[in-house]
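I have placed the structure first, in the form of structure tokens, so that the comments after it can refer back to it.
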Amino acid sequence: VVTERPEPRGFTTRAVHAWRGGPPVEEEPASVPIYQTAPFIFHDVDRFAAVGRERIGAGYLYSRWGNPTVDALARTVAALEGAEAAACFASGMAAIHGALAAVLAAGDHLVAARQLYGGTRGLLQEVLPRTGVAVDVVDITDLEAVARAFRPETRALLFEVVGNPTLDVADLDALARLAHERGAVCVVDATFTPPCLLRPLEHGADLVVHSATKYLAGHSDATAGVVAGPGDRVRRIRAFAIDYGAVLAPFEGWLTLRGIQTLALRVERTSASALAIARFLEGSGRAERVRYPGLPSHPQHGLARRLLPRGAGGIVTFELPGGAAAGRRLMERVRVFSPAASLGGTKSLVVHPASVTHSQLEPRERAEAGIGDGLVRLSIGIEDVEDLIDDLDRALAP
Ligand SMILES: Cc1ncc(COP(=O)(O)O)c(C=O)c1O
């Protein structure tokens, strides 16, 4: 409703106010509109008060509380994950924190996989203990060790289905059952296994988290996170997020929505290319311990086939016999792969953790985290696989 007001005279007043919410559009836009606004203007004071009282769901008041573009992304991810609802965050880390903070309080205990993204390990080691939450990390592939780590005050179990960077595969169904037997919430980071490959809620997980920065947005141009699950839990997570403030910006939400439209096409291609590249590396004689869940040599290959029948994703790791110097040399010699720390985009990326992302750790600490000095992680993009194999063949040549 646009209230009739007298036309202002001043130039700057007109520059600020001339747009009054029109023109009305009856046709449905083919792309989600970007509501690039912080507050929303009310022409009805009673409605202003009512929306302010409800905070979530009654209308739009302020984009930290809710934004139509970001909500369109939340509804899309919920639909793809088979969830009742989803909440969007400014990053994957904010999403993991949002999910855990809504479940855990001082005095509670969290069991988490040892095989987690380093940033998540940081959250568990540096941040949660300050809030009075105790954390134990265990080898997620050892179900007995996971069961032993539970205590009466354990409230949540956290793991990645395919771990970063070890590529260990977690037995999702068994772990969700275990968590439920002990009265804990099963939180799964499915960043490496987007919903076109796997829907963790169908395997018993309670909450599924993504760094949407990776496959969902898919073009290395947005930082975003999302949590999907039952409506009541997600509502609580959103209510917390309003106060923590790490919510997603409208344009990042739009970029992520645009990326999601081609998610299945990209992931199908990168999974097929990753398998071909893993096979090439295994047969090349220049790489050791080639790891890819789709390779029969992977320690949890049977589990990967059961959980991921449509493809095992786009991440491949291997060890270079020449250790740290060889890893550095590979990053210097590639021409199609780009040395960069992220993953899940259209461009293929290579990272040698011992030179870059984990260089601050002692070799012993790296080894404990499953990161050898010669470990290389590839994120396979959508380029033609022959070009990617040629690039590796050339860069790995003696
Ligand atoms: C498995 C996994 N979870 C979470 C994150 C954190 O996501 P973001 O960088 O969007 O905060 C990452 C980032 O690499 C990741 O690989």
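Ordered as shown in the structure tokens, chains take letters A, B, and onward, while each chain numbers its residues from 1 and ligands are numbered from 1 in the order shown.
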Residues within 10 Å of ligand 1 (only C-alpha atoms and all ligand atoms), as a count of residues only? 44
Among stretch 195-386 of chain A, which residues carry a DSSP assignment of helix (DSSP H, G or I), reported as a PyMOL selection string? chain A and resi 200-203+231-244+250-260+263-284+301-307+323-333+363-368+385-386
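Near stretch 278-293 of chain A, within a cut-off of 8 Å and counting only C-alpha atoms, sit the residues Leu167, Asp168, Val169, Ala274, Leu275, Pro296, Ser297, His298, Gln300, His301, Ala304, Ala312, Ile315, Val316, Thr317, Phe318, Glu319, Leu320, Pro321, Ile389, Leu396 and Ala397 of chain A, with same-chain residues fewer than 3 positions away left out.
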Computed gap from atom CA of A:Pro68 to atom CA of A:Leu257 is 12.3 Å
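Around A:Asp142, within 12 Å and counting only C-alpha atoms, the residues found are Ala113, Arg114, Gln115, Val137, Val138, Asp139, Ala145, Val146, Ala147, Arg148, Ala149, Asp168, Val169, Ala170, Asp171, Ala174, Leu175 and Gln300 of chain A, once anything fewer than 3 positions away on its own chain is removed.
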Selected residues written out, N, CA and C atoms, as a PDB file, in the first residue's frame:
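And here is the file that came out, again_37.pdb:
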ATOM      1  N   ALA A 113      33.532 -36.185  15.428  1.00  0.00           N
ATOM      2  CA  ALA A 113      34.498 -36.960  14.654  1.00  0.00           C
ATOM      3  C   ALA A 113      35.875 -36.298  14.729  1.00  0.00           C
ATOM      4  N   ARG A 114      36.920 -37.132  14.741  1.00  0.00           N
ATOM      5  CA  ARG A 114      38.273 -36.599  14.622  1.00  0.00           C
ATOM      6  C   ARG A 114      38.480 -36.080  13.198  1.00  0.00           C
ATOM      7  N   GLN A 115      37.764 -36.731  12.236  1.00  0.00           N
ATOM      8  CA  GLN A 115      37.923 -36.392  10.818  1.00  0.00           C
ATOM      9  C   GLN A 115      36.986 -35.246  10.463  1.00  0.00           C
ATOM     10  N   VAL A 137      36.718 -35.895  20.825  1.00  0.00           N
ATOM     11  CA  VAL A 137      36.803 -36.286  19.412  1.00  0.00           C
ATOM     12  C   VAL A 137      37.237 -37.743  19.318  1.00  0.00           C
ATOM     13  N   VAL A 138      36.615 -38.455  18.371  1.00  0.00           N
ATOM     14  CA  VAL A 138      36.887 -39.889  18.207  1.00  0.00           C
ATOM     15  C   VAL A 138      37.020 -40.214  16.723  1.00  0.00           C
ATOM     16  N   ASP A 139      37.625 -41.361  16.454  1.00  0.00           N
ATOM     17  CA  ASP A 139      37.691 -41.870  15.080  1.00  0.00           C
ATOM     18  C   ASP A 139      36.279 -42.301  14.693  1.00  0.00           C
ATOM     19  N   ALA A 145      34.389 -47.114  19.468  1.00  0.00           N
ATOM     20  CA  ALA A 145      35.024 -45.953  20.114  1.00  0.00           C
ATOM     21  C   ALA A 145      34.019 -44.804  20.235  1.00  0.00           C
ATOM     22  N   VAL A 146      33.173 -44.643  19.222  1.00  0.00           N
ATOM     23  CA  VAL A 146      32.155 -43.580  19.283  1.00  0.00           C
ATOM     24  C   VAL A 146      31.198 -43.886  20.440  1.00  0.00           C
ATOM     25  N   ALA A 147      30.744 -45.139  20.536  1.00  0.00           N
ATOM     26  CA  ALA A 147      29.805 -45.517  21.602  1.00  0.00           C
ATOM     27  C   ALA A 147      30.440 -45.271  22.974  1.00  0.00           C
ATOM     28  N   ARG A 148      31.736 -45.616  23.105  1.00  0.00           N
ATOM     29  CA  ARG A 148      32.415 -45.440  24.403  1.00  0.00           C
ATOM     30  C   ARG A 148      32.542 -43.965  24.780  1.00  0.00           C
ATOM     31  N   ALA A 149      32.560 -43.067  23.784  1.00  0.00           N
ATOM     32  CA  ALA A 149      32.772 -41.640  24.070  1.00  0.00           C
ATOM     33  C   ALA A 149      31.520 -40.971  24.658  1.00  0.00           C
ATOM     34  N   ASP A 168      37.468 -40.195   4.876  1.00  0.00           N
ATOM     35  CA  ASP A 168      36.864 -41.333   5.568  1.00  0.00           C
ATOM     36  C   ASP A 168      35.346 -41.199   5.445  1.00  0.00           C
ATOM     37  N   VAL A 169      34.666 -42.334   5.266  1.00  0.00           N
ATOM     38  CA  VAL A 169      33.202 -42.309   5.134  1.00  0.00           C
ATOM     39  C   VAL A 169      32.589 -42.785   6.445  1.00  0.00           C
ATOM     40  N   ALA A 170      31.639 -42.014   6.971  1.00  0.00           N
ATOM     41  CA  ALA A 170      30.999 -42.350   8.250  1.00  0.00           C
ATOM     42  C   ALA A 170      29.748 -43.186   7.998  1.00  0.00           C
ATOM     43  N   ASP A 171      29.519 -44.169   8.872  1.00  0.00           N
ATOM     44  CA  ASP A 171      28.333 -45.027   8.746  1.00  0.00           C
ATOM     45  C   ASP A 171      27.124 -44.274   9.316  1.00  0.00           C
ATOM     46  N   ALA A 174      24.121 -46.093  11.190  1.00  0.00           N
ATOM     47  CA  ALA A 174      24.500 -46.670  12.489  1.00  0.00           C
ATOM     48  C   ALA A 174      24.783 -45.557  13.495  1.00  0.00           C
ATOM     49  N   LEU A 175      25.421 -44.480  13.046  1.00  0.00           N
ATOM     50  CA  LEU A 175      25.757 -43.379  13.960  1.00  0.00           C
ATOM     51  C   LEU A 175      24.500 -42.649  14.423  1.00  0.00           C
ATOM     52  N   GLN A 300      36.514 -47.651   3.123  1.00  0.00           N
ATOM     53  CA  GLN A 300      35.055 -47.795   3.336  1.00  0.00           C
ATOM     54  C   GLN A 300      34.313 -47.784   1.986  1.00  0.00           C
TER      55      GLN A 300
END
Got a sec: who's within 10 Å of stretch 72-82 of chain A, counting only C-alpha atoms, leaving out chain neighbours fewer than 4 positions off, as an mmCIF file with N, CA and C atoms, in the first residue's frame?
data_model
loop_
_atom_site.group_PDB
_atom_site.id
_atom_site.type_symbol
_atom_site.label_atom_id
_atom_site.label_comp_id
_atom_site.auth_asym_id
_atom_site.auth_seq_id
_atom_site.Cartn_x
_atom_site.Cartn_y
_atom_site.Cartn_z
ATOM 1 N N VAL A 32 14.602 -15.374 -8.845
ATOM 2 C CA VAL A 32 14.163 -14.831 -7.550
ATOM 3 C C VAL A 32 14.611 -13.371 -7.427
ATOM 4 N N PRO A 33 13.719 -12.443 -7.080
ATOM 5 C CA PRO A 33 14.154 -11.051 -6.890
ATOM 6 C C PRO A 33 15.127 -10.938 -5.719
ATOM 7 N N ASN A 67 14.586 -12.295 5.399
ATOM 8 C CA ASN A 67 14.666 -11.607 4.109
ATOM 9 C C ASN A 67 14.074 -12.543 3.056
ATOM 10 N N PRO A 68 13.217 -12.040 2.167
ATOM 11 C CA PRO A 68 12.533 -12.935 1.216
ATOM 12 C C PRO A 68 13.491 -13.712 0.302
ATOM 13 N N ALA A 86 14.647 -24.880 6.811
ATOM 14 C CA ALA A 86 16.097 -24.646 6.804
ATOM 15 C C ALA A 86 16.366 -23.211 7.246
ATOM 16 N N ALA A 87 17.566 -23.003 7.761
ATOM 17 C CA ALA A 87 17.989 -21.659 8.176
ATOM 18 C C ALA A 87 19.306 -21.352 7.476
ATOM 19 N N CYS A 88 19.436 -20.113 6.986
ATOM 20 C CA CYS A 88 20.639 -19.741 6.230
ATOM 21 C C CYS A 88 21.570 -18.894 7.091
ATOM 22 N N PHE A 89 22.853 -19.043 6.836
ATOM 23 C CA PHE A 89 23.871 -18.347 7.624
ATOM 24 C C PHE A 89 24.907 -17.702 6.712
ATOM 25 N N PRO A 194 26.426 -33.202 -1.339
ATOM 26 C CA PRO A 194 25.209 -32.396 -1.470
ATOM 27 C C PRO A 194 23.975 -33.273 -1.737
ATOM 28 N N PRO A 195 22.765 -32.694 -1.580
ATOM 29 C CA PRO A 195 21.551 -33.523 -1.556
ATOM 30 C C PRO A 195 21.233 -34.273 -2.850
ATOM 31 N N CYS A 196 21.902 -33.942 -3.974
ATOM 32 C CA CYS A 196 21.693 -34.769 -5.172
ATOM 33 C C CYS A 196 22.423 -36.103 -5.028
ATOM 34 N N LEU A 198 23.155 -37.446 -1.579
ATOM 35 C CA LEU A 198 22.777 -38.069 -0.303
ATOM 36 C C LEU A 198 21.903 -37.105 0.488
ATOM 37 N N ARG A 199 20.826 -37.649 1.100
ATOM 38 C CA ARG A 199 19.996 -36.831 1.979
ATOM 39 C C ARG A 199 20.067 -37.426 3.386
ATOM 40 N N PRO A 200 20.944 -36.878 4.239
ATOM 41 C CA PRO A 200 21.206 -37.488 5.546
ATOM 42 C C PRO A 200 19.960 -37.654 6.422
ATOM 43 N N LEU A 201 18.950 -36.776 6.250
ATOM 44 C CA LEU A 201 17.758 -36.899 7.110
ATOM 45 C C LEU A 201 17.041 -38.224 6.827
ATOM 46 N N GLU A 202 17.149 -38.721 5.596
ATOM 47 C CA GLU A 202 16.525 -40.008 5.248
ATOM 48 C C GLU A 202 17.259 -41.172 5.902
ATOM 49 N N VAL A 208 21.014 -31.416 9.180
ATOM 50 C CA VAL A 208 22.062 -31.487 8.156
ATOM 51 C C VAL A 208 22.571 -30.068 7.885
ATOM 52 N N HIS A 210 25.418 -27.505 5.759
ATOM 53 C CA HIS A 210 26.283 -27.374 4.589
ATOM 54 C C HIS A 210 27.094 -26.093 4.668
ATOM 55 N N ALA A 212 27.527 -23.898 2.209
ATOM 56 C CA ALA A 212 26.953 -23.670 0.873
ATOM 57 C C ALA A 212 27.933 -22.935 -0.027
ATOM 58 N N LEU A 216 26.810 -26.111 -3.158
ATOM 59 C CA LEU A 216 25.480 -25.529 -3.375
ATOM 60 C C LEU A 216 25.609 -24.240 -4.192
ATOM 61 N N VAL A 226 24.066 -23.312 5.610
ATOM 62 C CA VAL A 226 22.658 -23.625 5.792
ATOM 63 C C VAL A 226 22.518 -24.827 6.719
ATOM 64 N N VAL A 227 21.433 -24.824 7.506
ATOM 65 C CA VAL A 227 21.088 -25.968 8.369
ATOM 66 C C VAL A 227 19.664 -26.364 8.028
ATOM 67 N N ALA A 228 19.411 -27.653 7.798
ATOM 68 C CA ALA A 228 18.050 -28.111 7.498
ATOM 69 C C ALA A 228 17.645 -29.184 8.501
ATOM 70 N N GLY A 229 16.330 -29.228 8.805
ATOM 71 C CA GLY A 229 15.839 -30.218 9.759
ATOM 72 C C GLY A 229 14.382 -29.976 10.100
ATOM 73 N N PRO A 230 13.919 -30.523 11.231
ATOM 74 C CA PRO A 230 12.518 -30.349 11.614
ATOM 75 C C PRO A 230 12.192 -28.878 11.907
ATOM 76 N N GLY A 231 10.930 -28.483 11.638
ATOM 77 C CA GLY A 231 10.528 -27.083 11.758
ATOM 78 C C GLY A 231 10.801 -26.480 13.124
ATOM 79 N N PRO A 250 21.351 -10.940 1.332
ATOM 80 C CA PRO A 250 20.452 -11.269 0.215
ATOM 81 C C PRO A 250 21.181 -11.638 -1.075
ATOM 82 N N GLU A 252 24.179 -12.884 -1.497
ATOM 83 C CA GLU A 252 24.819 -14.209 -1.362
ATOM 84 C C GLU A 252 23.746 -15.302 -1.443
ATOM 85 N N GLY A 253 22.557 -14.996 -0.893
ATOM 86 C CA GLY A 253 21.454 -15.951 -0.981
ATOM 87 C C GLY A 253 21.050 -16.166 -2.425
ATOM 88 N N TRP A 254 21.011 -15.085 -3.177
ATOM 89 C CA TRP A 254 20.633 -15.172 -4.598
ATOM 90 C C TRP A 254 21.679 -15.963 -5.386
ATOM 91 N N LEU A 255 22.968 -15.673 -5.140
ATOM 92 C CA LEU A 255 24.031 -16.421 -5.838
ATOM 93 C C LEU A 255 23.918 -17.913 -5.539
ATOM 94 N N THR A 256 23.615 -18.238 -4.282
ATOM 95 C CA THR A 256 23.510 -19.649 -3.895
ATOM 96 C C THR A 256 22.316 -20.299 -4.584
ATOM 97 N N LEU A 257 21.195 -19.569 -4.636
ATOM 98 C CA LEU A 257 20.011 -20.097 -5.338
ATOM 99 C C LEU A 257 20.314 -20.339 -6.810
ATOM 100 N N ARG A 258 21.040 -19.418 -7.413
ATOM 101 C CA ARG A 258 21.364 -19.596 -8.825
ATOM 102 C C ARG A 258 22.261 -20.809 -9.005
ATOM 103 N N ILE A 260 22.417 -23.471 -7.132
ATOM 104 C CA ILE A 260 21.699 -24.727 -6.841
ATOM 105 C C ILE A 260 20.953 -25.256 -8.070
ATOM 106 N N GLN A 261 20.559 -24.357 -8.964
ATOM 107 C CA GLN A 261 19.809 -24.826 -10.142
ATOM 108 C C GLN A 261 20.612 -25.827 -10.965
#
Quick one: residues within 12 Å of A:Leu157, only C-alpha atoms counted, chain neighbours fewer than 2 positions away excluded, as a PyMOL selection string? chain A and resi 99-100+103-104+108-114+135-138+140+146-147+149-151+153-155+159-160+172+175-189+205-208
Which of stretch 5-216 of chain A end up as strand (DSSP E) when DSSP is run on this backbone - answer as JSON, numbers by chain? {"A": [85, 86, 87, 88, 89, 109, 110, 111, 112, 113, 134, 135, 136, 137, 138, 154, 155, 156, 157, 158, 159, 160, 185, 186, 187, 188, 189, 207, 208, 209, 210, 211]}
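Counting only C-alpha atoms, the residue from A:Leu128, A:Ala354, A:Ile56, A:Gly98 that sits nearest to A:Arg235 is A:Ile56.
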Considering only C-alpha atoms, return as JSON, numbers by chain whatever protein or nucleic-acid residues lie within 10 Å of A:Tyr244, sequence-local ones (same chain, fewer than 3 positions apart) excluded. {"A": [64, 94, 97, 98, 101, 238, 239, 240, 241, 247]}
Dump as an mmCIF file, in the first residue's frame, selection limited to all heavy atoms:
data_model
loop_
_atom_site.group_PDB
_atom_site.id
_atom_site.type_symbol
_atom_site.label_atom_id
_atom_site.label_comp_id
_atom_site.auth_asym_id
_atom_site.auth_seq_id
_atom_site.Cartn_x
_atom_site.Cartn_y
_atom_site.Cartn_z
ATOM 1 N N ARG A 64 18.122 -8.948 9.119
ATOM 2 C CA ARG A 64 18.757 -9.903 10.043
ATOM 3 C C ARG A 64 17.704 -10.864 10.601
ATOM 4 O O ARG A 64 17.989 -12.002 10.923
ATOM 5 C CB ARG A 64 19.499 -9.165 11.165
ATOM 6 C CG ARG A 64 20.121 -10.120 12.192
ATOM 7 C CD ARG A 64 21.220 -9.466 13.033
ATOM 8 N NE ARG A 64 20.806 -8.225 13.644
ATOM 9 C CZ ARG A 64 20.043 -8.123 14.732
ATOM 10 N NH1 ARG A 64 19.600 -9.211 15.347
ATOM 11 N NH2 ARG A 64 19.701 -6.947 15.217
ATOM 12 N N ALA A 94 29.320 -20.519 10.474
ATOM 13 C CA ALA A 94 28.212 -19.933 11.245
ATOM 14 C C ALA A 94 27.057 -20.931 11.333
ATOM 15 O O ALA A 94 26.378 -21.015 12.363
ATOM 16 C CB ALA A 94 27.751 -18.634 10.588
ATOM 17 N N HIS A 97 28.007 -23.593 13.893
ATOM 18 C CA HIS A 97 27.887 -22.991 15.218
ATOM 19 C C HIS A 97 26.414 -22.810 15.586
ATOM 20 O O HIS A 97 26.003 -23.124 16.705
ATOM 21 C CB HIS A 97 28.616 -21.642 15.262
ATOM 22 C CG HIS A 97 28.452 -20.956 16.580
ATOM 23 N ND1 HIS A 97 27.696 -19.825 16.735
ATOM 24 C CD2 HIS A 97 28.902 -21.287 17.811
ATOM 25 C CE1 HIS A 97 27.710 -19.471 18.009
ATOM 26 N NE2 HIS A 97 28.430 -20.333 18.671
ATOM 27 N N GLY A 98 25.603 -22.339 14.619
ATOM 28 C CA GLY A 98 24.173 -22.117 14.889
ATOM 29 C C GLY A 98 23.473 -23.408 15.280
ATOM 30 O O GLY A 98 22.687 -23.433 16.230
ATOM 31 N N ALA A 101 24.887 -24.476 18.789
ATOM 32 C CA ALA A 101 24.522 -23.569 19.883
ATOM 33 C C ALA A 101 23.052 -23.725 20.267
ATOM 34 O O ALA A 101 22.674 -23.507 21.417
ATOM 35 C CB ALA A 101 24.814 -22.124 19.487
ATOM 36 N N ARG A 238 16.991 -20.456 14.089
ATOM 37 C CA ARG A 238 16.820 -19.113 13.494
ATOM 38 C C ARG A 238 16.693 -18.053 14.572
ATOM 39 O O ARG A 238 17.233 -16.952 14.440
ATOM 40 C CB ARG A 238 15.574 -19.088 12.599
ATOM 41 C CG ARG A 238 15.891 -19.439 11.173
ATOM 42 C CD ARG A 238 14.752 -19.086 10.261
ATOM 43 N NE ARG A 238 14.626 -17.643 10.048
ATOM 44 C CZ ARG A 238 13.733 -17.091 9.246
ATOM 45 N NH1 ARG A 238 12.909 -17.865 8.561
ATOM 46 N NH2 ARG A 238 13.669 -15.796 9.103
ATOM 47 N N ALA A 239 15.956 -18.380 15.641
ATOM 48 C CA ALA A 239 15.789 -17.398 16.717
ATOM 49 C C ALA A 239 17.155 -17.057 17.319
ATOM 50 O O ALA A 239 17.450 -15.891 17.594
ATOM 51 C CB ALA A 239 14.845 -17.958 17.783
ATOM 52 N N PHE A 240 18.026 -18.080 17.491
ATOM 53 C CA PHE A 240 19.376 -17.838 18.007
ATOM 54 C C PHE A 240 20.174 -17.007 17.007
ATOM 55 O O PHE A 240 20.899 -16.097 17.380
ATOM 56 C CB PHE A 240 20.099 -19.170 18.233
ATOM 57 C CG PHE A 240 19.879 -19.752 19.592
ATOM 58 C CD1 PHE A 240 18.598 -19.949 20.073
ATOM 59 C CD2 PHE A 240 20.945 -20.117 20.376
ATOM 60 C CE1 PHE A 240 18.389 -20.487 21.321
ATOM 61 C CE2 PHE A 240 20.749 -20.657 21.635
ATOM 62 C CZ PHE A 240 19.475 -20.846 22.109
ATOM 63 N N ALA A 241 20.030 -17.343 15.713
ATOM 64 C CA ALA A 241 20.822 -16.664 14.684
ATOM 65 C C ALA A 241 20.510 -15.166 14.654
ATOM 66 O O ALA A 241 21.389 -14.344 14.401
ATOM 67 C CB ALA A 241 20.557 -17.290 13.319
ATOM 68 N N VAL A 247 23.891 -13.921 9.895
ATOM 69 C CA VAL A 247 22.881 -14.328 8.913
ATOM 70 C C VAL A 247 23.382 -14.060 7.493
ATOM 71 O O VAL A 247 24.315 -13.296 7.276
ATOM 72 C CB VAL A 247 21.539 -13.603 9.152
ATOM 73 C CG1 VAL A 247 20.954 -14.008 10.491
ATOM 74 C CG2 VAL A 247 21.712 -12.106 9.048
#
Among listed residues A:Glu28, A:Gly381, A:Thr12, A:Ala156, nearest A:Leu265 (using only C-alpha atoms): A:Gly381
